[in-house]
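Student: Okay, here's the structure, questions in a sec.
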Amino acid sequence: MDRKALVQRHNVRQQNLDPRSPVSVGNGEFAFTVDLTGLQSFPNHYPVGARDDLPPGTLLGTQSQWGWHSIPAPQPYDLAGSTVLYDSPRGPVPYVDMVGDIVNDRETDTSLAETWLRANVHRLDLGRIGFRWVEDGVERHLMPADIADAEQTLDLWTGVVTSRFTLAGHPVTVTTACHPDRDELGIRVESPALAAGLVVGVDFPYGAEAWHDAADWKHPESHTTSLEGPDRSREHSGAAAWTAQRELDDSRYQVVITGHELTVEQTAQHRLRVSPASAVTAMDVTIAFLSAGDGDCIPRGNNRLAGPTRSVSSGNQAGSGVGRSPALGVADASAAYWPAFWSSGGAIELDATDDRRAKELERRIVLSQYLTAINCSGSLPPQETGLVCNSWRGRFHLEMHWWHAAHFAQWNRVELLLPSLRWYSTVLETSRQTAKAQGFDGVRWPKQVGPDGRESPSPIGTFLIWQQPHPIHLAELVYRANPSLEVLVEFAEIVFESAGFMASFAHPTSRGFELGPPLIPAQESYGSMRAKVTNPTFELAYWQWGLRTAAAWRERLGLEPVQAWWDVADGLVQPHVVDGVYAAIDVEPFTIRTDHPSMLCALGVLPQTDLIDPAIMRATLSDVLADWDWGSTWGWDYPVMAMTAARLEDPEAAVDALLLSAGKNTVLPNGHNRQTDSLPLYLPGNGGLLAAVALMAAGWDNGPDRHAPGFPADWAVAWEGLVKAP
């Protein structure tokens, strides 16, 4: 397979400003999203749509896994004021709920404590880097009308963005790259305009509590920026470095600007100007973002894009490439890393197929690999918009972790899943305390959190249970890709503690072991009736498969079985069936036809279990496809339907589902899965697509014995390096 040709035929090329489709460079821990100039010159022209009374944000973010901030609370707040006792089969159980409510994602009538606890900590936009024009000493922002003849290419094979345009009659070429091992940008600008007034501006915002924005530009008095330098004692002969010290309450970080023959000056309270020191036609600069390890800016670890040839830097150092400009050193590092990435792990090629759908599907597959690598492979589970912009204030949702990251193991890139899977060990104790307070064994994983794992007040999130088996599933996928004792030992506690909670959460009745109440299934349409929901179809099957998988881990390690796990797994009640199809839950109204058709996950995301009848699931899939409310779905629902269709040996339906014409299944020129104006990208859709096509290509245990069993027989499907699904 010619992997370079496969990848590069899907390079992102743009000649016009597409406000929905900027491109990014990144490394899993850090990402920088650029407009048509190769920088962030037009932030207002790439909007994240306004939500209610909140102003629009921007897609042009500069974000990291370590960059977090809390606005000081006027008084100590805790979750006690939002804790409510719910009746359960075991008696009253405390749940973190809300005094207020969430209607269409809008918080209403919340207490001051709830508002603060939901908004803090929040992810930071670390700085905005864009072109400016200086004339007669006056600096102004560029506008889209200032540039002409634009042409931009993201070369996926090298991870480098090249942007060309004309400005004030001058040709401009901008090269933008991110170092694979450091939170460092390399920027090269080639243009006579540098001698005429073109400069680079760097602006710093305060942290924002808004749902969808990471930058607050309205409170300059609340943070400080101080510039130090130049420091000429760098490893690069002739290069100098300037350091901007950033302080936002308890958060600290540094921004180091390095280059040859530069002038860096602070022109306003939170604004820097980078310009050539003399009349030149080229300027190279690196800009590195470094965590100070204080406050909410958590210390970064050595978790970066990984591959068989990967080397990881051990410290917060800027600059690279002795004898070469720092900026070109960053581009060189990127151009060395990405071919190794693309040449390792799995690959799927569909270009030889005559069906026109194949080329679009191949495009989505290639771009999704790039986007999930730079946004979802870091040391924390990612937020749903990755490192592009904020959603839910940058906090991550653990029920989405599988959708962001499971495919890394399926595509034989386990090293990109391991950092975020290891994060669970850092919140074992807080999750254990949650389970203990509710009278359960093991650990109860939270839902909407920041790095510390502290739950958020919510009338929905804390009642979800489908994130509980996710660490078992992810660990099992890691083991399947790398069946070693080391994997079993490292993740045994996470697997076993997850199973301990699951077994104790299920309660015995005359019908068998049941789940809930209270709970909310993956299909959150039942949130208002959380106090009485029981036995969702998907969660029942997930409980059985997860407990049996955890039991298999004990056997692999030579440990005695836990009888309670087997008792629950073997004794769960059967999912409810109405008119020959699986219901979502087993109390009225049984199935609401909005949001996720999550009952399909029970045979698709999961392999065959004792609880699911394939014939009934086949009827359920047909029922969903007939008249589900597609406008209320989410991007990962289409891969769900594809996986279910594939396991039911209906490959035509699988492909149709992946490419179903629906608003939430839109995939933009940059590869992102758009949902709405206020949720302009959605990485679970990309990760779900990769999980689905890996299953469709490589197959699954005890599946059909034919090549690419989830694809139509007349498709020419070439694949290599994938791992068979459970």
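Letters for chains follow the order of the structure tokens (A, B, ...), residue numbers begin at 1 for each chain, and ligand numbers begin at 1 in the order shown.
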Would you mind listing what lies within 12 Å of A:Gly378 as a JSON list (two decimals) with all heavy atoms, in the first residue's frame, with only C-alpha atoms counted and same-chain residues fewer than 6 positions away left out?

Tutor:
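selection-v8.json was written with the following content:
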```json
[["chain", "number", "residue", "atom", "x", "y", "z"],
["A", 26, "GLY", "N", -0.72, 20.29, 15.71],
["A", 26, "GLY", "CA", -0.69, 19.93, 17.11],
["A", 26, "GLY", "C", 0.01, 18.62, 17.36],
["A", 26, "GLY", "O", 0.51, 17.97, 16.43],
["A", 27, "ASN", "N", 0.01, 18.20, 18.64],
["A", 27, "ASN", "CA", 0.73, 16.98, 19.01],
["A", 27, "ASN", "C", 0.04, 16.15, 20.08],
["A", 27, "ASN", "O", 0.65, 15.28, 20.69],
["A", 27, "ASN", "CB", 2.15, 17.34, 19.48],
["A", 27, "ASN", "CG", 2.16, 18.29, 20.67],
["A", 27, "ASN", "OD1", 1.23, 18.32, 21.47],
["A", 27, "ASN", "ND2", 3.23, 19.07, 20.80],
["A", 28, "GLY", "N", -1.23, 16.40, 20.33],
["A", 28, "GLY", "CA", -1.96, 15.65, 21.35],
["A", 28, "GLY", "C", -1.99, 16.35, 22.69],
["A", 28, "GLY", "O", -2.96, 16.22, 23.44],
["A", 29, "GLU", "N", -0.93, 17.07, 23.03],
["A", 29, "GLU", "CA", -0.89, 17.87, 24.25],
["A", 29, "GLU", "C", -1.14, 19.34, 23.99],
["A", 29, "GLU", "O", -1.47, 20.09, 24.91],
["A", 29, "GLU", "CB", 0.47, 17.71, 24.93],
["A", 29, "GLU", "CG", 0.75, 16.33, 25.47],
["A", 29, "GLU", "CD", -0.08, 15.98, 26.69],
["A", 29, "GLU", "OE1", -0.17, 16.80, 27.61],
["A", 29, "GLU", "OE2", -0.67, 14.89, 26.69],
["A", 30, "PHE", "N", -1.01, 19.76, 22.75],
["A", 30, "PHE", "CA", -1.08, 21.19, 22.40],
["A", 30, "PHE", "C", -1.53, 21.29, 20.96],
["A", 30, "PHE", "O", -1.15, 20.45, 20.11],
["A", 30, "PHE", "CB", 0.31, 21.82, 22.57],
["A", 30, "PHE", "CG", 0.43, 23.22, 22.01],
["A", 30, "PHE", "CD1", 0.06, 24.32, 22.78],
["A", 30, "PHE", "CD2", 0.92, 23.44, 20.73],
["A", 30, "PHE", "CE1", 0.17, 25.61, 22.28],
["A", 30, "PHE", "CE2", 1.04, 24.72, 20.22],
["A", 30, "PHE", "CZ", 0.66, 25.81, 20.99],
["A", 31, "ALA", "N", -2.35, 22.28, 20.66],
["A", 31, "ALA", "CA", -2.77, 22.50, 19.27],
["A", 31, "ALA", "C", -2.98, 23.97, 19.02],
["A", 31, "ALA", "O", -3.32, 24.76, 19.92],
["A", 31, "ALA", "CB", -4.03, 21.72, 18.95],
["A", 63, "GLN", "N", -4.53, 25.89, 22.56],
["A", 63, "GLN", "CA", -4.89, 25.19, 23.79],
["A", 63, "GLN", "C", -3.95, 24.03, 24.08],
["A", 63, "GLN", "O", -3.30, 23.50, 23.17],
["A", 63, "GLN", "CB", -6.33, 24.68, 23.70],
["A", 63, "GLN", "CG", -7.36, 25.79, 23.59],
["A", 63, "GLN", "CD", -8.76, 25.33, 23.89],
["A", 63, "GLN", "OE1", -9.11, 24.16, 23.68],
["A", 63, "GLN", "NE2", -9.59, 26.21, 24.39],
["A", 64, "SER", "N", -3.92, 23.67, 25.36],
["A", 64, "SER", "CA", -3.04, 22.59, 25.80],
["A", 64, "SER", "C", -3.78, 21.72, 26.79],
["A", 64, "SER", "O", -4.86, 22.07, 27.28],
["A", 64, "SER", "CB", -1.78, 23.16, 26.47],
["A", 64, "SER", "OG", -2.12, 23.72, 27.73],
["A", 65, "GLN", "N", -3.18, 20.59, 27.13],
["A", 65, "GLN", "CA", -3.74, 19.73, 28.16],
["A", 65, "GLN", "C", -3.43, 20.26, 29.56],
["A", 65, "GLN", "O", -4.13, 19.91, 30.52],
["A", 65, "GLN", "CB", -3.19, 18.30, 28.02],
["A", 65, "GLN", "CG", -3.53, 17.61, 26.72],
["A", 65, "GLN", "CD", -5.00, 17.20, 26.62],
["A", 65, "GLN", "OE1", -5.84, 17.65, 27.39],
["A", 65, "GLN", "NE2", -5.32, 16.36, 25.66],
["A", 66, "TRP", "N", -2.40, 21.08, 29.70],
["A", 66, "TRP", "CA", -2.04, 21.56, 31.02],
["A", 66, "TRP", "C", -2.62, 22.94, 31.34],
["A", 66, "TRP", "O", -2.56, 23.38, 32.49],
["A", 66, "TRP", "CB", -0.52, 21.61, 31.19],
["A", 66, "TRP", "CG", 0.23, 22.32, 30.08],
["A", 66, "TRP", "CD1", 0.87, 21.75, 29.03],
["A", 66, "TRP", "CD2", 0.39, 23.74, 29.92],
["A", 66, "TRP", "NE1", 1.43, 22.71, 28.23],
["A", 66, "TRP", "CE2", 1.15, 23.94, 28.74],
["A", 66, "TRP", "CE3", -0.02, 24.86, 30.64],
["A", 66, "TRP", "CZ2", 1.50, 25.22, 28.29],
["A", 66, "TRP", "CZ3", 0.33, 26.13, 30.18],
["A", 66, "TRP", "CH2", 1.08, 26.30, 29.02],
["A", 180, "PRO", "N", 6.45, 17.91, 17.43],
["A", 180, "PRO", "CA", 5.74, 16.71, 17.92],
["A", 180, "PRO", "C", 5.99, 16.40, 19.38],
["A", 180, "PRO", "O", 5.20, 15.68, 19.99],
["A", 180, "PRO", "CB", 6.28, 15.59, 17.02],
["A", 180, "PRO", "CG", 7.61, 16.08, 16.55],
["A", 180, "PRO", "CD", 7.47, 17.56, 16.41],
["A", 181, "ASP", "N", 7.06, 16.94, 19.97],
["A", 181, "ASP", "CA", 7.41, 16.61, 21.35],
["A", 181, "ASP", "C", 7.30, 17.78, 22.32],
["A", 181, "ASP", "O", 7.52, 17.60, 23.51],
["A", 181, "ASP", "CB", 8.85, 16.09, 21.42],
["A", 181, "ASP", "CG", 9.03, 14.76, 20.72],
["A", 181, "ASP", "OD1", 8.02, 14.05, 20.57],
["A", 181, "ASP", "OD2", 10.15, 14.44, 20.32],
["A", 183, "ASP", "N", 5.34, 21.85, 23.19],
["A", 183, "ASP", "CA", 4.24, 22.78, 22.91],
["A", 183, "ASP", "C", 4.84, 24.03, 22.27],
["A", 183, "ASP", "O", 4.85, 25.12, 22.84],
["A", 183, "ASP", "CB", 3.52, 23.14, 24.21],
["A", 183, "ASP", "CG", 3.01, 21.91, 24.93],
["A", 183, "ASP", "OD1", 2.90, 20.85, 24.29],
["A", 183, "ASP", "OD2", 2.71, 22.01, 26.12],
["A", 300, "ARG", "N", 2.91, 19.48, 32.83],
["A", 300, "ARG", "CA", 2.76, 18.58, 31.69],
["A", 300, "ARG", "C", 3.65, 17.36, 31.87],
["A", 300, "ARG", "O", 4.71, 17.42, 32.47],
["A", 300, "ARG", "CB", 3.10, 19.30, 30.39],
["A", 300, "ARG", "CG", 4.58, 19.56, 30.17],
["A", 300, "ARG", "CD", 4.77, 20.32, 28.87],
["A", 300, "ARG", "NE", 6.18, 20.38, 28.53],
["A", 300, "ARG", "CZ", 6.62, 20.97, 27.43],
["A", 300, "ARG", "NH1", 5.77, 21.54, 26.62],
["A", 300, "ARG", "NH2", 7.90, 20.99, 27.16],
["A", 301, "GLY", "N", 3.22, 16.28, 31.33],
["A", 301, "GLY", "CA", 4.01, 15.05, 31.34],
["A", 301, "GLY", "C", 4.64, 14.83, 30.00],
["A", 301, "GLY", "O", 4.49, 15.62, 29.07],
["A", 302, "ASN", "N", 5.34, 13.74, 29.87],
["A", 302, "ASN", "CA", 5.99, 13.42, 28.60],
["A", 302, "ASN", "C", 5.04, 12.60, 27.71],
["A", 302, "ASN", "O", 5.36, 11.51, 27.27],
["A", 302, "ASN", "CB", 7.28, 12.63, 28.86],
["A", 302, "ASN", "CG", 8.33, 13.50, 29.50],
["A", 302, "ASN", "OD1", 8.29, 14.72, 29.36],
["A", 302, "ASN", "ND2", 9.27, 12.89, 30.21],
["A", 303, "ASN", "N", 3.86, 13.13, 27.49],
["A", 303, "ASN", "CA", 2.88, 12.45, 26.65],
["A", 303, "ASN", "C", 2.71, 13.25, 25.38],
["A", 303, "ASN", "O", 2.16, 14.33, 25.37],
["A", 303, "ASN", "CB", 1.54, 12.34, 27.37],
["A", 303, "ASN", "CG", 1.67, 11.55, 28.65],
["A", 303, "ASN", "OD1", 2.19, 10.45, 28.62],
["A", 303, "ASN", "ND2", 1.23, 12.09, 29.76],
["A", 304, "ARG", "N", 3.19, 12.72, 24.29],
["A", 304, "ARG", "CA", 3.14, 13.40, 23.02],
["A", 304, "ARG", "C", 2.74, 12.41, 21.95],
["A", 304, "ARG", "O", 2.61, 11.21, 22.20],
["A", 304, "ARG", "CB", 4.52, 14.00, 22.67],
["A", 304, "ARG", "CG", 4.88, 15.23, 23.50],
["A", 304, "ARG", "CD", 3.94, 16.37, 23.17],
["A", 304, "ARG", "NE", 4.33, 17.60, 23.85],
["A", 304, "ARG", "CZ", 3.93, 17.93, 25.06],
["A", 304, "ARG", "NH1", 3.15, 17.14, 25.73],
["A", 304, "ARG", "NH2", 4.30, 19.08, 25.58],
["A", 305, "LEU", "N", 2.53, 12.91, 20.77],
["A", 305, "LEU", "CA", 2.32, 12.00, 19.65],
["A", 305, "LEU", "C", 3.40, 10.92, 19.68],
["A", 305, "LEU", "O", 4.57, 11.21, 19.91],
["A", 305, "LEU", "CB", 2.41, 12.76, 18.33],
["A", 305, "LEU", "CG", 1.24, 13.68, 17.99],
["A", 305, "LEU", "CD1", 1.57, 14.45, 16.74],
["A", 305, "LEU", "CD2", -0.03, 12.90, 17.81],
["A", 306, "ALA", "N", 2.97, 9.71, 19.48],
["A", 306, "ALA", "CA", 3.90, 8.62, 19.66],
["A", 306, "ALA", "C", 3.90, 7.71, 18.44],
["A", 306, "ALA", "O", 2.94, 7.62, 17.70],
["A", 306, "ALA", "CB", 3.53, 7.81, 20.90],
["A", 372, "THR", "N", -7.86, 13.19, 15.30],
["A", 372, "THR", "CA", -7.85, 12.55, 16.61],
["A", 372, "THR", "C", -6.43, 12.45, 17.16],
["A", 372, "THR", "O", -6.23, 12.51, 18.38],
["A", 372, "THR", "CB", -8.50, 11.16, 16.56],
["A", 372, "THR", "OG1", -7.87, 10.37, 15.55],
["A", 372, "THR", "CG2", -9.99, 11.27, 16.27],
["A", 386, "GLY", "N", -11.92, 18.92, 21.47],
["A", 386, "GLY", "CA", -10.47, 18.75, 21.47],
["A", 386, "GLY", "C", -9.74, 19.99, 21.94],
["A", 386, "GLY", "O", -10.12, 20.64, 22.91],
["A", 387, "LEU", "N", -8.67, 20.32, 21.23],
["A", 387, "LEU", "CA", -7.84, 21.49, 21.56],
["A", 387, "LEU", "C", -8.07, 22.61, 20.56],
["A", 387, "LEU", "O", -7.22, 23.49, 20.41],
["A", 387, "LEU", "CB", -6.37, 21.08, 21.59],
["A", 387, "LEU", "CG", -6.01, 20.04, 22.65],
["A", 387, "LEU", "CD1", -4.57, 19.56, 22.48],
["A", 387, "LEU", "CD2", -6.22, 20.59, 24.07],
["A", 401, "HIS", "N", -15.19, 9.20, 26.34],
["A", 401, "HIS", "CA", -13.79, 8.83, 26.18],
["A", 401, "HIS", "C", -13.62, 7.67, 25.20],
["A", 401, "HIS", "O", -12.70, 7.65, 24.39],
["A", 401, "HIS", "CB", -13.17, 8.48, 27.55],
["A", 401, "HIS", "CG", -11.69, 8.32, 27.51],
["A", 401, "HIS", "ND1", -10.99, 7.67, 28.49],
["A", 401, "HIS", "CD2", -10.76, 8.72, 26.61],
["A", 401, "HIS", "CE1", -9.71, 7.68, 28.20],
["A", 401, "HIS", "NE2", -9.53, 8.31, 27.06],
["A", 404, "HIS", "N", -13.65, 8.94, 21.65],
["A", 404, "HIS", "CA", -12.44, 9.68, 21.28],
["A", 404, "HIS", "C", -11.25, 8.76, 21.04],
["A", 404, "HIS", "O", -10.41, 9.06, 20.19],
["A", 404, "HIS", "CB", -12.05, 10.65, 22.40],
["A", 404, "HIS", "CG", -12.89, 11.86, 22.53],
["A", 404, "HIS", "ND1", -12.84, 12.92, 21.65],
["A", 404, "HIS", "CD2", -13.80, 12.21, 23.46],
["A", 404, "HIS", "CE1", -13.68, 13.87, 22.04],
["A", 404, "HIS", "NE2", -14.28, 13.45, 23.13],
["A", 405, "ALA", "N", -11.15, 7.67, 21.79],
["A", 405, "ALA", "CA", -9.86, 7.00, 21.93],
["A", 405, "ALA", "C", -9.82, 5.51, 21.65],
["A", 405, "ALA", "O", -8.73, 4.97, 21.43],
["A", 405, "ALA", "CB", -9.32, 7.25, 23.35],
["A", 408, "PHE", "N", -7.73, 4.11, 18.67],
["A", 408, "PHE", "CA", -6.27, 4.07, 18.65],
["A", 408, "PHE", "C", -5.78, 2.64, 18.81],
["A", 408, "PHE", "O", -4.81, 2.22, 18.15],
["A", 408, "PHE", "CB", -5.69, 4.95, 19.76],
["A", 408, "PHE", "CG", -5.82, 6.43, 19.53],
["A", 408, "PHE", "CD1", -6.31, 7.27, 20.52],
["A", 408, "PHE", "CD2", -5.46, 6.99, 18.32],
["A", 408, "PHE", "CE1", -6.42, 8.63, 20.32],
["A", 408, "PHE", "CE2", -5.58, 8.36, 18.10],
["A", 408, "PHE", "CZ", -6.06, 9.18, 19.11],
["A", 415, "GLU", "N", -0.12, 3.40, 21.76],
["A", 415, "GLU", "CA", 0.62, 4.42, 22.49],
["A", 415, "GLU", "C", -0.12, 5.76, 22.53],
["A", 415, "GLU", "O", 0.16, 6.61, 23.38],
["A", 415, "GLU", "CB", 2.01, 4.62, 21.86],
["A", 415, "GLU", "CG", 2.02, 5.18, 20.44],
["A", 415, "GLU", "CD", 1.75, 4.13, 19.37],
["A", 415, "GLU", "OE1", 1.65, 2.93, 19.71],
["A", 415, "GLU", "OE2", 1.64, 4.52, 18.20],
["A", 416, "LEU", "N", -1.08, 5.97, 21.62],
["A", 416, "LEU", "CA", -1.85, 7.21, 21.64],
["A", 416, "LEU", "C", -3.05, 7.12, 22.58],
["A", 416, "LEU", "O", -3.63, 8.15, 22.93],
["A", 416, "LEU", "CB", -2.33, 7.56, 20.23],
["A", 416, "LEU", "CG", -1.24, 7.79, 19.18],
["A", 416, "LEU", "CD1", -1.83, 8.28, 17.88],
["A", 416, "LEU", "CD2", -0.18, 8.77, 19.69],
["A", 417, "LEU", "N", -3.42, 5.94, 23.00],
["A", 417, "LEU", "CA", -4.49, 5.74, 23.97],
["A", 417, "LEU", "C", -3.97, 5.69, 25.40],
["A", 417, "LEU", "O", -4.64, 6.15, 26.33],
["A", 417, "LEU", "CB", -5.24, 4.44, 23.64],
["A", 417, "LEU", "CG", -6.24, 3.89, 24.68],
["A", 417, "LEU", "CD1", -7.31, 4.91, 25.02],
["A", 417, "LEU", "CD2", -6.86, 2.60, 24.17],
["A", 418, "LEU", "N", -2.79, 5.17, 25.58],
["A", 418, "LEU", "CA", -2.28, 4.92, 26.93],
["A", 418, "LEU", "C", -2.25, 6.15, 27.83],
["A", 418, "LEU", "O", -2.64, 6.06, 29.01],
["A", 418, "LEU", "CB", -0.89, 4.29, 26.86],
["A", 418, "LEU", "CG", -0.85, 2.84, 26.37],
["A", 418, "LEU", "CD1", 0.60, 2.38, 26.21],
["A", 418, "LEU", "CD2", -1.60, 1.92, 27.31],
["A", 419, "PRO", "N", -1.80, 7.34, 27.36],
["A", 419, "PRO", "CA", -1.74, 8.47, 28.30],
["A", 419, "PRO", "C", -3.08, 8.80, 28.95],
["A", 419, "PRO", "O", -3.16, 9.00, 30.16],
["A", 419, "PRO", "CB", -1.22, 9.61, 27.43],
["A", 419, "PRO", "CG", -0.45, 8.93, 26.35],
["A", 419, "PRO", "CD", -1.21, 7.67, 26.05],
["A", 420, "SER", "N", -4.15, 8.87, 28.16],
["A", 420, "SER", "CA", -5.44, 9.24, 28.75],
["A", 420, "SER", "C", -6.03, 8.10, 29.56],
["A", 420, "SER", "O", -6.74, 8.33, 30.55],
["A", 420, "SER", "CB", -6.42, 9.69, 27.66],
["A", 420, "SER", "OG", -6.67, 8.67, 26.71],
["A", 421, "LEU", "N", -5.75, 6.86, 29.19],
["A", 421, "LEU", "CA", -6.22, 5.73, 30.00],
["A", 421, "LEU", "C", -5.53, 5.72, 31.36],
["A", 421, "LEU", "O", -6.14, 5.39, 32.39],
["A", 421, "LEU", "CB", -5.99, 4.42, 29.25],
["A", 421, "LEU", "CG", -6.50, 3.14, 29.91],
["A", 421, "LEU", "CD1", -8.00, 3.22, 30.21],
["A", 421, "LEU", "CD2", -6.19, 1.92, 29.05],
["A", 422, "ARG", "N", -4.27, 6.09, 31.38],
["A", 422, "ARG", "CA", -3.54, 6.14, 32.65],
["A", 422, "ARG", "C", -4.07, 7.23, 33.58],
["A", 422, "ARG", "O", -3.87, 7.16, 34.80],
["A", 422, "ARG", "CB", -2.04, 6.37, 32.37],
["A", 422, "ARG", "CG", -1.36, 5.14, 31.80],
["A", 422, "ARG", "CD", 0.05, 5.42, 31.32],
["A", 422, "ARG", "NE", 0.69, 4.17, 30.91],
["A", 422, "ARG", "CZ", 1.57, 4.07, 29.92],
["A", 422, "ARG", "NH1", 1.92, 5.16, 29.21],
["A", 422, "ARG", "NH2", 2.10, 2.91, 29.62],
["A", 423, "TRP", "N", -4.74, 8.24, 33.02],
["A", 423, "TRP", "CA", -5.28, 9.31, 33.86],
["A", 423, "TRP", "C", -6.24, 8.77, 34.92],
["A", 423, "TRP", "O", -6.31, 9.30, 36.03],
["A", 423, "TRP", "CB", -5.99, 10.34, 32.98],
["A", 423, "TRP", "CG", -6.74, 11.37, 33.76],
["A", 423, "TRP", "CD1", -6.24, 12.51, 34.34],
["A", 423, "TRP", "CD2", -8.14, 11.34, 34.11],
["A", 423, "TRP", "NE1", -7.23, 13.19, 35.01],
["A", 423, "TRP", "CE2", -8.40, 12.49, 34.88],
["A", 423, "TRP", "CE3", -9.17, 10.45, 33.84],
["A", 423, "TRP", "CZ2", -9.68, 12.78, 35.38],
["A", 423, "TRP", "CZ3", -10.44, 10.73, 34.33],
["A", 423, "TRP", "CH2", -10.69, 11.88, 35.09]]
```

Student: Nearest residue to A:Gly439 out of A:Asn44, A:Ser504, A:Ser24, A:Asn16, using only C-alpha atoms?

Tutor: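 Using only C-alpha atoms, the shortest distance to A:Gly439 belongs to A:Ser504.
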
Student: From a DSSP calculation on the backbone, collect every residue of stretch 421-627 of chain A in strand (DSSP E or B) and output the set as a PyMOL selection string.

Tutor: chain A and resi 448-449+464+507-508+513-514+520+572+577-578+581-582

Student: List the neighbours of A:Leu690 out to 8 Å using only C-alpha atoms; skip same-chain residues closer than 2 positions along the sequence, and give me the result as a list in words.

Tutor: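 With the cut-off at 8 Å, the set is Ile365, Ser368, Gln369, His407, Asn686, Gly687, Gly688, Ala692, Val693 and Ala694 of chain A.
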
Student: Can I get the selection written as a compact mmCIF listing (two decimals), in the first residue's frame, with N, CA and C atoms?

Tutor:
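The resulting file, out.txt, is shown below:
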```txt
# COMPACT_ATOMS: atom_id res chain seq x y z
N ILE A 365 -11.89 9.03 6.66
CA ILE A 365 -11.03 8.14 7.44
C ILE A 365 -9.65 8.76 7.63
N SER A 368 -9.81 11.97 9.81
CA SER A 368 -10.13 11.65 11.21
C SER A 368 -8.91 11.12 11.95
N GLN A 369 -8.04 10.40 11.27
CA GLN A 369 -6.81 9.94 11.93
C GLN A 369 -5.94 11.12 12.35
N HIS A 407 -10.47 3.77 19.11
CA HIS A 407 -9.93 3.44 17.78
C HIS A 407 -8.41 3.38 17.76
N ASN A 686 -15.61 11.69 14.79
CA ASN A 686 -14.42 11.22 14.07
C ASN A 686 -13.89 9.92 14.65
N GLY A 687 -13.80 9.86 15.99
CA GLY A 687 -13.32 8.65 16.61
C GLY A 687 -14.26 7.48 16.39
N GLY A 688 -15.57 7.75 16.44
CA GLY A 688 -16.54 6.70 16.18
C GLY A 688 -16.43 6.15 14.77
N ALA A 692 -15.64 2.29 13.76
CA ALA A 692 -16.56 1.53 12.91
C ALA A 692 -15.85 0.93 11.71
N VAL A 693 -15.04 1.73 11.01
CA VAL A 693 -14.41 1.20 9.79
C VAL A 693 -13.34 0.18 10.12
N ALA A 694 -12.71 0.28 11.30
CA ALA A 694 -11.75 -0.76 11.70
C ALA A 694 -12.47 -2.09 11.89
```

Student: Can you tell me which residues surround A:Ala552 at a distance of at most 12 Å, considering only C-alpha atoms, apart from same-chain residues fewer than 4 positions away, and format the answer as a PDB file with C-alpha atoms, in the first residue's frame?

Tutor:
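What landed in part31.pdb:
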```pdb
ATOM      1  CA  ILE A 472     -12.545  -2.018  31.136  1.00  0.00           C
ATOM      2  CA  GLU A 476      -9.210  -4.798  26.908  1.00  0.00           C
ATOM      3  CA  TYR A 479      -4.505  -5.867  25.728  1.00  0.00           C
ATOM      4  CA  LEU A 488      -2.584  -6.653  32.647  1.00  0.00           C
ATOM      5  CA  ALA A 492      -5.681  -4.381  36.717  1.00  0.00           C
ATOM      6  CA  VAL A 495     -10.427  -2.835  35.599  1.00  0.00           C
ATOM      7  CA  PHE A 496     -11.153  -4.549  38.895  1.00  0.00           C
ATOM      8  CA  ALA A 499     -16.098  -4.144  37.952  1.00  0.00           C
ATOM      9  CA  TRP A 545     -19.782  -7.969  28.794  1.00  0.00           C
ATOM     10  CA  GLY A 546     -17.770  -5.698  31.096  1.00  0.00           C
ATOM     11  CA  LEU A 547     -18.033  -7.979  34.117  1.00  0.00           C
ATOM     12  CA  ARG A 548     -17.114 -11.058  32.093  1.00  0.00           C
ATOM     13  CA  ARG A 556      -5.181 -14.178  32.867  1.00  0.00           C
ATOM     14  CA  LEU A 557      -3.401 -12.980  35.994  1.00  0.00           C
ATOM     15  CA  GLY A 558      -3.930 -16.293  37.790  1.00  0.00           C
ATOM     16  CA  LEU A 559      -6.210 -14.723  40.420  1.00  0.00           C
ATOM     17  CA  GLU A 560      -9.212 -16.305  42.088  1.00  0.00           C
ATOM     18  CA  PRO A 561     -12.532 -15.400  40.464  1.00  0.00           C
ATOM     19  CA  VAL A 562     -14.909 -12.948  42.133  1.00  0.00           C
ATOM     20  CA  TRP A 565     -19.153 -10.656  39.124  1.00  0.00           C
ATOM     21  CA  TRP A 566     -20.231 -13.942  37.571  1.00  0.00           C
TER      22      TRP A 566
END
```

Student: Write out as an MDAnalysis selection string all residues of stretch 145-296 of chain A that backbone DSSP assigns to helix (DSSP H, G or I).

Tutor: chainID A and resid 145:146 192:195 220:222

Student: Return the single residue from A:His596, A:Lys447, A:His179, A:His141 that is closest to A:Val25, with distances computed using only C-alpha atoms.

Tutor: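 Distance minimum relative to A:Val25 lands on A:His179.
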
Student: To one decimal in Å, tell me the separation between atom CA of A:Pro339 and atom CA of A:Tyr370.

Tutor: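 Computing it gives 11.7 Å between the two atoms.
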